[in-house]
Amino acid sequence: MFPTTIAGSLPKPPWLAEPGKLWAAWRPAGAELEAAKLDATLVAIKLQEDAGIDIVTDGEQSRQHFVHGFLEAVNGIDFTKRVEMGIRNDRYKAMVPTVTGPLSLKGRVHACEARFARAHTAKKLKFTLPGPMTIVDTIADGYYGDRIKMAFAFADVLNQEALALQADGVDVIQFDEPAFNVYMDAATDWGIEALHRAAAGLTCTTAIHICYGYGIPANVEWKATLGAAWRQYERVFPALAKSRIGQVSLECRNSKVPIELLKLLDGKDVLIGVIDVATETIETPEEVAAVIGEALRCVPRERIIPCTNCGIAPMRRDIAAAKLTALGAGARLARERFG
Ligand code: ZN
C-alpha cells in the first residue's frame, strides 16, 4: 500500500553542474562528463533507496533540462537558430531552438543512463520524457507550419524512444505535460491523442505528470494569480480518466487544488504530490500522512502513490534529500494509520 515515487528530477551534484539553477551548464566535458553523469545517477538512486522510495528514477542527472535533454537527440532541430519565445502562455521567456526540417531520432536518447540505472537498482524504475504538447510549447516552428502537426511528429519520435526504454527494462514511462495545465482546451482537443501516439505499443505502466511547475519565481508569481481554488485539473481529468494512460501525477501539498477534483480520475492510479517543491521547509512525516489521508477521501487506497509535487532539480541538495526522507517516512506512517 502507498508505494512512493518522485516526479522525476533531483538536484545535480556540484561536480556535475552549477547548483541551484534550472538550466545549469555542465562542469566537466567530454568523456569526463559522460562518466560524471552516471556517477551522479548512482548517487540519485542510492538517495531514493535510502529514503524508502519504491519506484525510483535516474534523477534526470544526464540531461540539462527536461525538454531540451530530449531534443538534443532529434534531427530537424537547429540549436543555433535560437529565438526568444513566451512559453506556457507567456508566463516566462526562454531562448528556444527552431524546428527546421522533418523530425527523426539521431539514435537512442537515454539508453546509457536507463540501462545503467536498471543495472544498479532492484526497485521499480521510472523514466520520464517530455510530452508532445509541452515540447511544442518550448520550441519554435520553422518547418511544419502547424503546432498540432508538429506535436504529432514529436509524438512519433518520443514513441520510438519510449519503446526502446521499455526494452531496456524500464517499468514506468512518464510523460511530463505541464502545458496541459495552461492550454486546457488544446489538451482535450489533441493533447491526449498526441500522448496516445507517444505511448503506442507500450505494455509497461504509463503515466502523465501535470503540475504547476518548478518552484521558480515565475511560477510562484503565476500561482498567486490563480485565485483561491485552482480548477485547471477539472478541465482535463475527465478526458484523462477515459484515456489509455495508466497513472496521473499531480500537485497537492500546499496547493489550492480542491481535493474533490481527484474523484475525476476514476480508474487511474494517482500520484499524489505530498512534497512541496516551491519551499525549502521540509515536510514532517505527519504532514505527508495528512495529505495522503485527504486524498483517501477521493481515491481508493490501492490507487494512491505518494509523490513529489514536481521535479526538484533546482533545489538545494541537502533539502532535497531531507524531503525524500520525509516522503518515505510519511508514507510509512500513512500505512500504519490507514492500513
Ligand atoms: Zn512538474
# chains A, B, ... in the order shown; residues from 1 in each chain; ligands from 1
$ residues_around --residues "Val157 in chain A" --least-positions-apart "2" --cutoff "12 Å" --atoms "only C-alpha atoms" --output "VMD selection string"
chain A and resid 70 to 71 73 to 76 102 to 109 129 to 132 135 150 to 155 159 to 164 194 to 195 197 to 200
$ residues_near_ligand --ligand "ligand 1" --cutoff "10 Å" --atoms "only C-alpha atoms and all ligand atoms" --output "compact mmCIF listing (two decimals) with C-alpha atoms, in the first residue's frame"
# COMPACT_ATOMS: atom_id res chain seq x y z
CA ALA A 7 8.07 13.31 -10.13
CA GLY A 8 11.44 12.77 -11.80
CA SER A 9 14.34 15.14 -11.29
CA PHE A 66 13.68 18.06 -19.10
CA ASP A 176 5.64 15.37 -18.43
CA GLU A 177 2.90 17.69 -19.63
CA PRO A 178 2.84 20.90 -17.55
CA ALA A 179 1.36 22.52 -20.70
CA HIS A 209 2.70 14.37 -14.87
CA ILE A 210 0.75 17.64 -14.80
CA CYS A 211 1.90 20.28 -12.36
CA TYR A 212 2.09 23.97 -11.63
CA GLY A 213 5.81 24.00 -12.35
CA TYR A 214 9.12 24.09 -10.54
CA GLY A 215 9.44 26.33 -7.51
CA SER A 249 0.83 12.66 -11.29
CA LEU A 250 -0.48 15.86 -9.78
CA GLU A 251 0.22 18.60 -7.28
CA GLY A 273 2.06 15.34 -4.64
CA VAL A 277 8.99 21.75 -4.32
CA THR A 308 6.56 15.00 -5.02
CA ASN A 309 4.54 17.89 -6.50
CA CYS A 310 7.07 18.33 -9.31
CA GLY A 311 10.74 17.81 -10.08
CA ILE A 312 13.26 19.03 -7.51
$ residues_around --residues "range 36-51 of chain A" --least-positions-apart "3" --cutoff "9 Å" --atoms "only C-alpha atoms" --output "ChimeraX atom specification"
/A:5-6,10-13,15-16,28,31-33,54-63,112-113,116-117,120-121,123,321-329
$ closest_atom_pairs --of "range 68-170 of chain A" --to "range 217-227 of chain A" --cutoff "10 Å" --atoms "only C-alpha atoms" --output "tab-separated table"
residue	atom	partner	partner_atom	distance
A:Arg91	CA	A:Ala218	CA	6.8
A:Tyr92	CA	A:Ala218	CA	6.5
A:Lys93	CA	A:Ala218	CA	9.8
$ write_last_selection --atoms "N, CA and C atoms" --output "PDB file, in the first residue's frame"
ATOM      1  N   ARG A  91       4.118  32.896 -19.692  1.00  0.00           N
ATOM      2  CA  ARG A  91       4.434  33.019 -18.270  1.00  0.00           C
ATOM      3  C   ARG A  91       5.905  33.390 -18.096  1.00  0.00           C
ATOM      4  N   TYR A  92       6.752  32.807 -18.928  1.00  0.00           N
ATOM      5  CA  TYR A  92       8.140  33.262 -18.931  1.00  0.00           C
ATOM      6  C   TYR A  92       8.752  33.151 -20.316  1.00  0.00           C
ATOM      7  N   LYS A  93       9.831  33.924 -20.487  1.00  0.00           N
ATOM      8  CA  LYS A  93      10.515  33.943 -21.787  1.00  0.00           C
ATOM      9  C   LYS A  93      11.667  32.948 -21.750  1.00  0.00           C
TER      10      LYS A  93
END
$ atom_distance --atom1 "CA of Thr188 in chain A" --atom2 "CA of Thr134 in chain A"
13.8 Å
$ select_by_dssp --residues "range 29-265 of chain A" --states "strand (DSSP E)" --output "number ranges by chain"
A: 55-56, 74-87, 92-105, 124-130, 140-141, 172-176, 205-209, 247-250
$ write_last_selection --atoms "C-alpha atoms" --output "CSV table (one decimal), in the first residue's frame"
chain,number,residue,atom,x,y,z
A,55,ILE,CA,9.7,3.5,-7.7
A,56,VAL,CA,12.9,5.2,-8.4
A,74,VAL,CA,16.4,14.8,-32.6
A,75,ASN,CA,17.3,15.6,-36.2
A,76,GLY,CA,15.4,18.5,-37.8
A,77,ILE,CA,16.2,21.0,-34.9
A,78,ASP,CA,18.6,23.9,-35.3
A,79,PHE,CA,20.1,24.8,-31.9
A,80,THR,CA,22.0,27.7,-33.4
A,81,LYS,CA,18.7,29.3,-34.6
A,82,ARG,CA,17.5,30.4,-31.1
A,83,VAL,CA,14.6,32.7,-30.8
A,84,GLU,CA,13.0,34.3,-27.7
A,85,MET,CA,9.6,32.8,-27.1
A,86,GLY,CA,7.0,33.4,-24.4
A,87,ILE,CA,6.3,29.9,-23.1
A,92,TYR,CA,8.1,33.3,-18.9
A,93,LYS,CA,10.5,33.9,-21.8
A,94,ALA,CA,13.0,31.4,-23.0
A,95,MET,CA,15.5,31.2,-25.8
A,96,VAL,CA,14.3,28.2,-27.7
A,97,PRO,CA,15.8,26.3,-30.7
A,98,THR,CA,13.9,26.1,-34.0
A,99,VAL,CA,12.5,23.1,-35.9
A,100,THR,CA,13.9,23.5,-39.5
A,101,GLY,CA,13.2,20.1,-41.1
A,102,PRO,CA,11.4,16.7,-40.7
A,103,LEU,CA,11.9,15.2,-37.2
A,104,SER,CA,13.7,11.9,-36.6
A,105,LEU,CA,15.8,10.4,-33.9
A,124,LYS,CA,10.9,-0.5,-10.0
A,125,LEU,CA,12.4,2.1,-12.4
A,126,LYS,CA,10.5,5.0,-13.8
A,127,PHE,CA,11.8,7.1,-16.7
A,128,THR,CA,10.5,10.5,-17.7
A,129,LEU,CA,10.1,12.0,-21.1
A,130,PRO,CA,8.6,15.4,-22.1
A,140,ALA,CA,9.9,27.5,-32.4
A,141,ASP,CA,8.4,26.1,-35.6
A,172,VAL,CA,7.1,3.0,-15.9
A,173,ILE,CA,7.3,5.6,-18.6
A,174,GLN,CA,6.0,9.0,-17.6
A,175,PHE,CA,5.3,11.9,-20.0
A,176,ASP,CA,5.6,15.4,-18.4
A,205,THR,CA,3.0,1.2,-17.0
A,206,THR,CA,2.4,4.7,-18.5
A,207,ALA,CA,2.0,8.0,-16.6
A,208,ILE,CA,1.4,11.7,-17.2
A,209,HIS,CA,2.7,14.4,-14.9
A,247,GLN,CA,-1.3,6.9,-14.0
A,248,VAL,CA,-1.7,10.7,-13.3
A,249,SER,CA,0.8,12.7,-11.3
A,250,LEU,CA,-0.5,15.9,-9.8
